[in-house]
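As structure tokens, the structure follows; a few thoughts come after it.
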Amino acid sequence: MNPFDPRSVLLAKHAQHVVLIHFPIALFVAGVTFDLLAAWKKSRELATAVYYNLTAAAISTVPAAATGLLAWQWQLEGKHLKGVLLLHMVFGLLSTALIWLIWWLHSRARHRPDGSLPRYRFPIELLSLPLVALTGHLGGFLSGVNIPG
Amino acid sequence: MNNRRLASMILVLLPVLVVLIFLGHKKAQAGTAAAAPGVIKIDNFSFTPATLTVPVGTTITWTNSDDIPHTVVSDDKTFKSKVLDTDEKFSYTFTKPGTYSYFCSVHPKMTAKIVVQ
């Protein structure tokens, strides 16, 4: 099939979760990075970029999580969760919840008169980063792209 | 019986004896091969051995020794396992000769084949 044929995207035989998951990961990492920069530079423009990055990250967790659950039910036949699969799902759902929490903190701040963000968001964001990374790492093992050797 | 006659008898009987031993060995071998099932190990995202040659009638058992779920699915859908968790097994008896290529439907790059003779 021609790689530029839209059907090669829409009718791909591989699970869509492994494709879609890149969006929330990248957008969230970019959002946190911009947030640190915005705080350091005291830049309102960067702060605005943070909000939109986190908004896109939060929204993109929905199809990513949905396709992950579908892959578990369809491709893995709803296999009993244990080991790497269980860890990946737990960490993935936790990551999703944290991304939405962080988005909510930023969204709430935009409705404040001074637009100030709580400082406690930093430890939440900095703890979420390795969790998201670990979730992706385990996903790599599950998909077979991260095997040793 | 003189020595010449004895030698002639040995010369005639010896090849017959060799042929009989050879045929008996082959029959025993065939019987043994049909009784012993083939074993394929799934580990580290690979099937070991990647190519297995067995006689018709052999039952092959796949055992998933990996930490990740895998499946065993033939290209022509002749056989298809459920999703195998760690230490779970799948068996299939090959009743027709041919070459059966198969893969893991969860990780399609995991491929192997069985040659049934």
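By convention in this document, the chains of the structure tokens carry letters A, B, ... by their order, each chain's residues are numbered from 1, and ligands are numbered from 1 in the order they are shown.
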Could you give me, as CSV, a per-residue list for region 47-128 of chain A showing, wherever an atom lies at most 8 Å from an atom of region 67-83 of chain B, the closest pair of atoms and their distance in Å to one decimal, using only C-alpha atoms and sorting by chain then residue number from low to high?
residue,atom,partner,partner_atom,distance
A:Leu76,CA,B:Val83,CA,6.0
A:Glu77,CA,B:Val83,CA,6.7
A:Lys79,CA,B:Val83,CA,7.3
A:Gly83,CA,B:Asp67,CA,7.2
A:Val84,CA,B:Ile68,CA,7.1
A:Leu85,CA,B:Ile68,CA,7.5
### Task
Compile the contact shell of Thr111 (chain B) as a list in words: residues with an atom at most 9 Å away, counting only C-alpha atoms, same-chain residues fewer than 6 positions apart removed.
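Contacts, with the query itself left out: Ser46, Phe47, Ala50, Ser101, Tyr102, Phe103 and Cys104 of chain B.
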### Query
Mind checking DSSP for chain A and telling me the helix (DSSP H, G or I) residues as an NGL selection string?
:A and (6-10 or 17-20 or 22-41 or 44-75 or 83-110 or 121-143)
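With only C-alpha atoms as the basis for measurement, B:Thr86 is the residue among B:Thr86, B:Ile40, B:Lys113, B:Arg5 that approaches chain A most closely.
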### Task
Find the residues of chain A in contact range of chain B, meaning any atom within 12 Å when counting only C-alpha atoms, and list them as an MDAnalysis selection string.
chainID A and resid 13:15 18 71:88 138:149
Output C-alpha atoms of each residue in that selection to a file, as a PDB file, in the first residue's frame.
ATOM      1  CA  LYS A  13      -3.337  -3.132  11.190  1.00  0.00           C
ATOM      2  CA  HIS A  14      -1.282  -2.217  14.227  1.00  0.00           C
ATOM      3  CA  ALA A  15      -2.798  -0.909  17.428  1.00  0.00           C
ATOM      4  CA  VAL A  18       1.155   3.093  20.201  1.00  0.00           C
ATOM      5  CA  ALA A  71      -6.021  -2.834  22.811  1.00  0.00           C
ATOM      6  CA  TRP A  72      -6.216  -4.617  26.159  1.00  0.00           C
ATOM      7  CA  GLN A  73      -9.700  -5.897  25.421  1.00  0.00           C
ATOM      8  CA  TRP A  74      -9.313  -6.714  21.711  1.00  0.00           C
ATOM      9  CA  GLN A  75      -5.681  -7.463  21.050  1.00  0.00           C
ATOM     10  CA  LEU A  76      -4.933  -9.019  24.424  1.00  0.00           C
ATOM     11  CA  GLU A  77      -8.434 -10.484  24.767  1.00  0.00           C
ATOM     12  CA  GLY A  78      -8.990  -8.806  28.127  1.00  0.00           C
ATOM     13  CA  LYS A  79      -6.134 -10.797  29.615  1.00  0.00           C
ATOM     14  CA  HIS A  80      -5.917 -10.847  33.403  1.00  0.00           C
ATOM     15  CA  LEU A  81      -3.723  -7.928  34.377  1.00  0.00           C
ATOM     16  CA  LYS A  82      -0.443  -8.781  35.989  1.00  0.00           C
ATOM     17  CA  GLY A  83       3.239  -7.971  35.667  1.00  0.00           C
ATOM     18  CA  VAL A  84       4.325  -5.382  33.147  1.00  0.00           C
ATOM     19  CA  LEU A  85       0.840  -5.070  31.682  1.00  0.00           C
ATOM     20  CA  LEU A  86      -0.697  -4.242  35.059  1.00  0.00           C
ATOM     21  CA  LEU A  87       2.021  -1.733  35.899  1.00  0.00           C
ATOM     22  CA  HIS A  88       1.684  -0.049  32.524  1.00  0.00           C
ATOM     23  CA  LEU A 138       6.925  -0.124  30.088  1.00  0.00           C
ATOM     24  CA  GLY A 139       4.810   0.402  27.001  1.00  0.00           C
ATOM     25  CA  GLY A 140       7.914  -0.042  24.912  1.00  0.00           C
ATOM     26  CA  PHE A 141       8.486  -3.426  26.507  1.00  0.00           C
ATOM     27  CA  LEU A 142       4.891  -4.455  25.897  1.00  0.00           C
ATOM     28  CA  SER A 143       5.061  -3.487  22.248  1.00  0.00           C
ATOM     29  CA  GLY A 144       8.407  -5.164  21.699  1.00  0.00           C
ATOM     30  CA  VAL A 145      10.324  -2.066  20.551  1.00  0.00           C
ATOM     31  CA  ASN A 146      12.287  -1.905  23.786  1.00  0.00           C
ATOM     32  CA  ILE A 147      13.587  -5.461  24.004  1.00  0.00           C
ATOM     33  CA  PRO A 148      17.220  -5.996  25.004  1.00  0.00           C
ATOM     34  CA  GLY A 149      19.725  -7.052  22.362  1.00  0.00           C
TER      35      GLY A 149
END
Each region 39-80 of chain A residue no farther than 7 Å from region 24-32 of chain A, nearest pair in Å, only C-alpha atoms, as CSV:
residue,atom,partner,partner_atom,distance
A:Val50,CA,A:Gly31,CA,4.7
A:Asn53,CA,A:Gly31,CA,5.1
A:Leu54,CA,A:Gly31,CA,5.5
A:Ala56,CA,A:Leu27,CA,6.8
A:Ala57,CA,A:Pro24,CA,4.3
A:Ala58,CA,A:Pro24,CA,6.8
A:Ser60,CA,A:Pro24,CA,5.4
A:Thr61,CA,A:Pro24,CA,5.6
Nearby residues (only C-alpha atoms) at most 12 Å from Arg121 (chain A), same-chain spacing under 5 positions excluded, as a PDB file with C-alpha atoms, in the first residue's frame:
ATOM      1  CA  VAL A  32       6.076  21.351  31.892  1.00  0.00           C
ATOM      2  CA  ASP A  35       6.158  26.213  32.664  1.00  0.00           C
ATOM      3  CA  LEU A  36       9.594  26.046  34.228  1.00  0.00           C
ATOM      4  CA  ALA A  39       8.481  30.894  35.866  1.00  0.00           C
ATOM      5  CA  LEU A  98      -2.088  13.872  36.875  1.00  0.00           C
ATOM      6  CA  ILE A  99      -2.028  15.507  33.442  1.00  0.00           C
ATOM      7  CA  LEU A 101      -4.970  17.758  37.442  1.00  0.00           C
ATOM      8  CA  ILE A 102      -2.079  19.887  36.238  1.00  0.00           C
ATOM      9  CA  TRP A 103      -4.199  21.218  33.384  1.00  0.00           C
ATOM     10  CA  TRP A 104      -6.944  22.099  35.870  1.00  0.00           C
ATOM     11  CA  LEU A 105      -4.494  24.019  38.074  1.00  0.00           C
ATOM     12  CA  HIS A 106      -3.416  26.092  35.078  1.00  0.00           C
ATOM     13  CA  ALA A 109      -5.359  30.208  37.387  1.00  0.00           C
ATOM     14  CA  SER A 116      -1.196  33.493  39.602  1.00  0.00           C
ATOM     15  CA  LEU A 126       8.199  17.226  38.319  1.00  0.00           C
ATOM     16  CA  LEU A 127       6.935  13.987  39.852  1.00  0.00           C
ATOM     17  CA  SER A 128       4.590  13.422  36.924  1.00  0.00           C
TER      18      SER A 128
END
### Task
Within 7 Å of Thr51 (chain B), counting only C-alpha atoms, which residues show up once you throw out same-chain ones fewer than 2 positions away? Write them as a list in words, please.
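Within the cut-off, the hits are Pro49, Thr53, Ala112, Lys113 and Ile114 of chain B.
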Would you save the residues of that selection, restricted to C-alpha atoms, as a compact mmCIF listing (two decimals), in the first residue's frame?
# COMPACT_ATOMS: atom_id res chain seq x y z
CA PRO B 49 13.71 -22.71 17.42
CA THR B 53 11.06 -29.66 11.08
CA ALA B 112 8.93 -18.47 12.79
CA LYS B 113 7.97 -21.53 10.78
CA ILE B 114 7.33 -25.22 11.05
### Task
Find the distance between CA of Gly98 (chain B) and CA of Thr58 (chain B) and write it in Å to one decimal.
12.7 Å
### Task
May I ask for the distance between CA of Leu20 (chain A) and CA of Thr135 (chain A), given in Å to one decimal place?
14.1 Å
### Summary
Expressed in Å, the length from CA of Glu45 (chain A) to CA of Leu131 (chain A) is 27.6 Å
### Query
Can you tell me, as a ChimeraX atom specification, what residues are no more than 8 Å from Leu46 (chain A) when counting only C-alpha atoms, ignoring any on the same chain fewer than 5 positions away?
/A:34-35,37-38
